[in-house]
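Peer 1: Structure file work-v5.cif (mmCIF, C-alpha atoms) right here:
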data_structure
loop_
_atom_site.label_atom_id
_atom_site.label_comp_id
_atom_site.auth_asym_id
_atom_site.auth_seq_id
_atom_site.Cartn_x
_atom_site.Cartn_y
_atom_site.Cartn_z
CA VAL A 1023 -78.25 -27.98 30.85
CA SER A 1024 -76.72 -31.05 32.44
CA HIS A 1025 -73.57 -31.05 34.49
CA ALA A 1026 -71.61 -32.86 31.75
CA ASN A 1027 -72.71 -30.29 29.17
CA ARG A 1028 -71.67 -27.40 31.41
CA LEU A 1029 -68.30 -29.03 31.98
CA HIS A 1030 -67.90 -29.53 28.24
CA ARG A 1031 -68.81 -25.90 27.58
CA ARG A 1032 -66.25 -24.75 30.14
CA LEU A 1033 -63.59 -26.96 28.57
CA GLU A 1034 -64.47 -25.55 25.12
CA LEU A 1035 -64.06 -21.97 26.40
CA CYS A 1036 -60.81 -22.89 28.14
CA LEU A 1037 -59.48 -24.42 24.91
CA ALA A 1038 -60.63 -21.40 22.89
CA SER A 1039 -58.60 -19.07 25.11
CA LEU A 1040 -55.66 -21.49 24.98
CA MET A 1041 -55.78 -21.51 21.14
CA SER A 1042 -56.07 -17.73 21.09
CA LEU A 1043 -53.10 -17.41 23.47
CA GLY A 1044 -51.13 -19.89 21.35
CA THR A 1045 -51.84 -17.82 18.22
CA TRP A 1046 -50.63 -14.64 19.96
CA VAL A 1047 -47.46 -16.37 21.20
CA ALA A 1048 -46.80 -17.75 17.69
CA CYS A 1049 -47.31 -14.28 16.18
CA ALA A 1050 -44.93 -12.75 18.73
CA LEU A 1051 -42.31 -15.42 17.97
CA ILE A 1052 -42.68 -14.88 14.21
CA THR A 1053 -42.47 -11.09 14.59
CA VAL A 1054 -39.26 -11.41 16.65
CA GLY A 1055 -37.98 -13.93 14.08
CA ILE A 1056 -38.69 -11.58 11.16
CA ALA A 1057 -37.04 -8.67 13.02
CA LEU A 1058 -33.98 -10.84 13.73
CA SER A 1059 -33.79 -12.13 10.14
CA LEU A 1060 -33.89 -8.54 8.90
CA THR A 1061 -30.99 -7.55 11.15
CA VAL A 1062 -28.94 -10.78 11.04
CA GLY A 1063 -29.81 -11.68 7.45
CA SER A 1064 -30.55 -15.40 7.90
CA THR A 1065 -34.15 -16.64 7.93
CA ARG A 1066 -33.28 -19.79 9.87
CA THR A 1067 -33.74 -18.26 13.29
CA PRO A 1068 -35.13 -20.46 16.10
CA PHE A 1069 -37.87 -17.89 16.70
CA LEU A 1070 -39.29 -18.32 13.18
CA MET A 1071 -39.06 -22.13 13.46
CA ALA A 1072 -40.81 -22.13 16.85
CA GLY A 1073 -43.54 -19.72 15.68
CA ILE A 1074 -44.35 -21.75 12.56
CA ALA A 1075 -44.21 -25.03 14.53
CA LEU A 1076 -46.66 -23.62 17.08
CA ILE A 1077 -49.03 -22.45 14.31
CA ILE A 1078 -49.00 -25.99 12.86
CA PHE A 1079 -49.44 -27.58 16.30
CA LEU A 1080 -52.54 -25.58 17.34
CA PRO A 1081 -55.11 -27.35 15.09
CA ILE A 1082 -53.65 -30.69 16.16
CA LEU A 1083 -54.28 -29.69 19.78
CA ARG A 1084 -57.89 -28.91 18.79
CA LEU A 1085 -58.21 -32.36 17.21
CA LEU A 1086 -56.85 -34.06 20.34
CA PHE A 1087 -59.44 -32.20 22.39
CA MET A 1088 -62.20 -33.17 19.94
CA LEU A 1089 -61.20 -36.82 20.18
CA THR A 1090 -61.37 -36.84 23.98
CA SER A 1091 -64.64 -34.87 24.13
CA PHE A 1092 -66.35 -37.11 21.55
CA LEU A 1093 -65.14 -40.20 23.40
CA ARG A 1094 -66.54 -38.76 26.61
CA ALA A 1095 -69.86 -38.01 24.87
CA ARG A 1096 -69.82 -41.66 23.61
CA ASP A 1097 -70.15 -40.44 19.99
CA PHE A 1098 -67.90 -43.20 18.70
CA PRO A 1099 -68.26 -42.75 14.88
CA ILE A 1100 -67.13 -39.09 15.10
CA ALA A 1101 -64.41 -40.03 17.62
CA ALA A 1102 -63.18 -42.62 15.10
CA VAL A 1103 -63.00 -39.92 12.40
CA ALA A 1104 -61.00 -37.67 14.73
CA ALA A 1105 -58.68 -40.59 15.54
CA LEU A 1106 -58.28 -41.33 11.81
CA VAL A 1107 -57.30 -37.71 11.06
CA LEU A 1108 -54.81 -37.74 13.96
CA THR A 1109 -53.38 -41.02 12.62
CA ILE A 1110 -52.96 -39.45 9.16
CA ILE A 1111 -51.13 -36.48 10.74
CA ALA A 1112 -48.90 -38.86 12.77
CA LEU A 1113 -48.14 -40.88 9.62
CA GLY A 1114 -47.32 -37.65 7.81
CA ALA A 1115 -44.86 -36.74 10.58
CA VAL A 1116 -43.25 -40.21 10.53
CA PHE A 1117 -42.91 -40.39 6.73
CA GLY A 1118 -41.93 -36.73 6.61
CA VAL A 1119 -38.89 -37.43 8.78
CA ALA A 1120 -38.10 -40.67 6.90
CA MET B 914 -96.46 -42.27 9.08
CA LYS B 915 -95.06 -44.75 6.57
CA VAL B 916 -94.63 -42.03 3.96
CA ALA B 917 -92.88 -39.81 6.51
CA SER B 918 -90.44 -42.53 7.55
CA ALA B 919 -89.76 -43.42 3.91
CA PHE B 920 -89.11 -39.75 3.27
CA THR B 921 -86.64 -39.49 6.17
CA THR B 922 -84.90 -42.65 4.93
CA VAL B 923 -84.53 -41.12 1.46
CA ILE B 924 -83.17 -37.91 3.01
CA ALA B 925 -80.73 -39.90 5.14
CA VAL B 926 -79.51 -41.86 2.10
CA LEU B 927 -79.13 -38.65 0.06
CA PHE B 928 -77.27 -37.04 2.95
CA GLY B 929 -74.94 -40.06 3.06
CA ILE B 930 -74.35 -39.86 -0.71
CA THR B 931 -73.55 -36.13 -0.58
CA ARG B 932 -71.11 -36.77 2.24
CA LEU B 933 -69.44 -39.49 0.16
CA LEU B 934 -69.33 -37.05 -2.77
CA LEU B 935 -67.66 -34.46 -0.53
CA ILE B 936 -65.09 -37.02 0.63
CA GLY B 937 -64.43 -37.96 -3.01
CA ALA B 938 -64.11 -34.33 -4.05
CA ALA B 939 -61.73 -33.66 -1.17
CA ILE B 940 -59.53 -36.63 -2.13
CA ILE B 941 -59.39 -35.51 -5.77
CA CYS B 942 -58.58 -31.91 -4.77
CA GLY B 943 -55.91 -33.02 -2.31
CA LEU B 944 -54.28 -35.63 -4.53
CA PHE B 945 -54.43 -34.34 -8.05
CA ILE B 946 -55.18 -30.66 -8.23
CA GLY B 947 -53.00 -29.62 -5.33
CA ILE B 948 -55.42 -27.02 -3.97
CA GLY B 949 -56.86 -26.92 -0.48
CA SER B 950 -60.27 -26.36 -2.10
CA GLY B 951 -61.31 -24.03 0.72
CA VAL B 952 -63.37 -21.85 -1.59
CA LEU B 953 -65.02 -24.87 -3.22
CA LYS B 954 -65.92 -26.49 0.11
CA ILE B 955 -68.23 -23.60 1.02
CA PRO B 956 -70.67 -23.96 -1.93
CA ALA B 957 -70.50 -27.76 -1.48
CA MET B 958 -71.62 -27.46 2.14
CA ASP B 959 -74.05 -24.67 1.32
CA THR B 960 -75.87 -26.48 -1.50
CA ALA B 961 -75.37 -30.20 -0.85
CA LEU B 962 -75.59 -30.20 2.94
CA GLN B 963 -77.93 -27.16 3.20
CA LEU B 964 -75.78 -25.55 5.91
CA PRO B 965 -76.10 -21.80 6.53
CA ILE B 966 -73.34 -19.94 4.64
CA LYS B 967 -71.77 -18.54 7.83
CA VAL B 968 -71.56 -22.04 9.29
CA SER B 969 -70.13 -23.32 5.98
CA SER B 970 -67.50 -20.57 5.98
CA ALA B 971 -66.45 -21.16 9.59
CA THR B 972 -66.42 -24.95 9.11
CA SER B 973 -64.38 -24.60 5.92
CA ASN B 974 -61.81 -22.47 7.75
CA PHE B 975 -61.53 -25.04 10.51
CA MET B 976 -61.21 -27.87 7.96
CA ILE B 977 -58.41 -26.00 6.19
CA GLY B 978 -56.54 -25.76 9.50
CA VAL B 979 -56.80 -29.50 10.11
CA THR B 980 -56.00 -30.63 6.55
CA ALA B 981 -53.14 -28.15 6.28
CA ALA B 982 -51.73 -29.39 9.60
CA ALA B 983 -51.58 -32.93 8.16
CA SER B 984 -49.30 -31.89 5.30
CA GLY B 985 -47.73 -29.08 7.35
CA VAL B 986 -46.25 -31.51 9.88
CA ALA B 987 -44.72 -33.65 7.13
CA LEU B 988 -43.31 -30.69 5.22
CA PHE B 989 -42.03 -28.96 8.36
CA SER B 990 -40.22 -32.06 9.60
CA ARG B 991 -38.62 -32.43 6.16
CA GLY B 992 -37.50 -28.82 6.28
CA ASN B 993 -39.39 -28.08 3.06
CA ILE B 994 -41.07 -24.96 4.41
CA ASN B 995 -39.50 -21.71 3.20
CA LEU B 996 -39.56 -19.69 6.41
CA ALA B 997 -38.87 -16.40 4.63
CA VAL B 998 -42.19 -16.87 2.80
CA ALA B 999 -44.17 -18.73 5.48
CA ALA B 1000 -43.51 -16.29 8.33
CA PRO B 1001 -45.01 -13.12 6.79
CA VAL B 1002 -47.87 -15.16 5.30
CA ALA B 1003 -48.63 -16.65 8.74
CA LEU B 1004 -48.71 -13.18 10.30
CA GLY B 1005 -50.95 -11.85 7.53
CA SER B 1006 -53.28 -14.86 7.78
CA VAL B 1007 -53.69 -14.37 11.53
CA ILE B 1008 -54.58 -10.69 11.05
CA GLY B 1009 -56.97 -11.62 8.22
CA ALA B 1010 -58.56 -14.40 10.28
CA MET B 1011 -59.14 -12.10 13.24
CA LEU B 1012 -60.71 -9.41 11.06
CA GLY B 1013 -62.65 -12.04 9.07
CA ALA B 1014 -64.15 -13.64 12.18
CA ARG B 1015 -65.49 -10.26 13.29
CA ILE B 1016 -66.74 -9.28 9.83
CA LEU B 1017 -68.38 -12.69 9.30
CA ALA B 1018 -70.43 -12.28 12.47
CA ALA B 1019 -71.54 -8.76 11.50
CA VAL B 1020 -72.12 -8.94 7.72
CA SER B 1021 -75.55 -9.87 6.31
CA VAL B 1022 -76.00 -13.32 4.76
CA LYS B 1023 -77.15 -11.79 1.46
CA ARG B 1024 -74.05 -9.57 1.14
CA LEU B 1025 -71.79 -12.49 2.09
CA ARG B 1026 -73.36 -14.63 -0.62
CA VAL B 1027 -72.86 -11.91 -3.26
CA LEU B 1028 -69.23 -11.46 -2.22
CA PHE B 1029 -68.74 -15.18 -2.32
CA VAL B 1030 -70.20 -15.55 -5.80
CA MET B 1031 -67.79 -12.83 -6.98
CA VAL B 1032 -64.80 -14.70 -5.50
CA LEU B 1033 -65.99 -17.96 -7.07
CA PHE B 1034 -66.45 -16.24 -10.44
CA GLY B 1035 -62.92 -14.83 -10.26
CA LEU B 1036 -61.57 -18.27 -9.38
CA ALA B 1037 -63.50 -19.87 -12.26
CA VAL B 1038 -62.12 -17.33 -14.75
CA GLN B 1039 -58.58 -17.81 -13.45
CA MET B 1040 -58.85 -21.64 -13.57
CA THR B 1041 -60.20 -21.42 -17.12
CA PHE B 1042 -57.15 -19.36 -18.11
CA VAL B 1043 -54.85 -21.92 -16.45
CA ALA B 1044 -56.64 -24.76 -18.25
CA PHE B 1045 -55.75 -23.10 -21.56
CA GLY B 1046 -52.15 -22.61 -20.43
CA ILE B 1047 -52.39 -18.89 -19.68
CA HIS B 1048 -50.90 -18.12 -16.27
CA LEU B 1049 -51.91 -14.81 -14.78
CA LYS B 1050 -49.04 -13.13 -12.93
CA GLY B 1051 -49.36 -12.84 -9.17
CA VAL B 1052 -52.27 -15.29 -8.95
CA SER B 1053 -51.87 -18.90 -7.94
CA THR B 1054 -54.24 -21.82 -7.53
#
Can you present the structure in this file as structure tokens?
Peer 2:
Amino acid sequence: VSHANRLHRRLELCLASLMSLGTWVACALITVGIALSLTVGSTRTPFLMAGIALIIFLPILRLLFMLTSFLRARDFPIAAVAALVLTIIALGAVFGVA
Amino acid sequence: MKVASAFTTVIAVLFGITRLLLIGAAIICGLFIGIGSGVLKIPAMDTALQLPIKVSSATSNFMIGVTAAASGVALFSRGNINLAVAAPVALGSVIGAMLGARILAAVSVKRLRVLFVMVLFGLAVQMTFVAFGIHLKGVST
């Protein structure tokens, strides 16, 4: 196994634990949000919003990582696909707000 | 040697065509039917791309995350997401995903395939009902 491969593997593991941590944080936020909405009555608590936003953001983080790792591996066709998907998500965000 | 290279060329072309078919199917599902097509992606990858079913299942799950994020960002920024519904579903999905990832690694391929065929059959029956205008309560496409 080359040095670059080992580095990539370590990055993958690091990202996996980051995603896992992100999921736990999002779940904690949502649980607090649900508990608050049950006591306060309104579902528009910042905890719920933050939890759902984090859940949506995690796969985008994965995509960003894929783009950089494919660029580093000089696999340009796949990197282009990752960039295209990220562009579609960005467009969705822009047109969603507009 | 010539036959072998011709054969690999044919395989490569077929592989390209099936990928195009998958892209087409995904566009149709996304645009017109309004389903994420997660369940339909697995047999497509399993049969057309000859991927192992566990790989197909894991890949399909990942694809759902990415495609859902694309529309999720737009809908979230518009405020179209009903948090009272989304929050419990998100919690349930996380629990299901964690259990599923462990079960998927442990279960035999044969049993997984049987289970999958049952799910597909149920989906086919339900979609047939919907096509004839009969909506089953508590089930959505």
Peer 1: Show me, as a compact mmCIF listing (two decimals) with C-alpha atoms, keeping the file's coordinate frame, the residues that have an atom within 7 Å of Ala961 of chain B when counting only C-alpha atoms, minus same-chain residues fewer than 3 positions from it.
Peer 2:
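And here is the file that came out, out34.txt:
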# COMPACT_ATOMS: atom_id res chain seq x y z
CA THR B 931 -73.55 -36.13 -0.58
CA ALA B 957 -70.50 -27.76 -1.48
CA MET B 958 -71.62 -27.46 2.14
Peer 1: Could you work out which residues of chain B fall inside 9 Å of chain A? Count all atoms listed in the file, and format the result as a PyMOL selection string.
Peer 2: chain B and resi 975+978-991+995-997+999-1001+1003-1004+1007
Peer 1: Grab the atom CA of Val968 of chain B to atom CA of Leu1025 of chain B distance for me, in Å with one decimal place.
Peer 2: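 The value is 12.0 Å.
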Peer 1: Find the distance between atom CA of Leu1093 of chain A and atom CA of Ala1026 of chain A and write it in Å to one decimal.
Peer 2: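 Result for atom CA of Leu1093 of chain A versus atom CA of Ala1026 of chain A: 12.9 Å, one decimal.
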Peer 1: Can you pull out the residues contacting Val1030 of chain B? Cut-off 12 Å, using only C-alpha atoms, and skip same-chain residues under 3 positions away; I want them as an MDAnalysis selection string.
Peer 2: chainID B and resid 952:953 955:956 966 1023:1027 1033:1037
Peer 1: Calculate how many Å separate atom CA of Arg1028 of chain A from atom CA of Leu1043 of chain A, rounding to one decimal.
Peer 2: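 Atom CA of Leu1043 of chain A lies at a distance of 22.5 Å from atom CA of Arg1028 of chain A.
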Peer 1: Counting all atoms listed in the file, figure out which residue out of A:Pro1068, A:Ser1091, A:Leu1076, A:Gly1063 gets nearest to Leu1029 of chain A.
Peer 2: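 Residue with the minimum atom-to-atom distance to Leu1029 of chain A: A:Ser1091.
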Peer 1: Near Val1022 of chain B, within 10 Å and counting all atoms listed in the file, which residues show up once chain neighbours fewer than 6 positions away are dropped, as JSON, numbers by chain?
Peer 2: {"B": [965, 966, 967, 1028]}
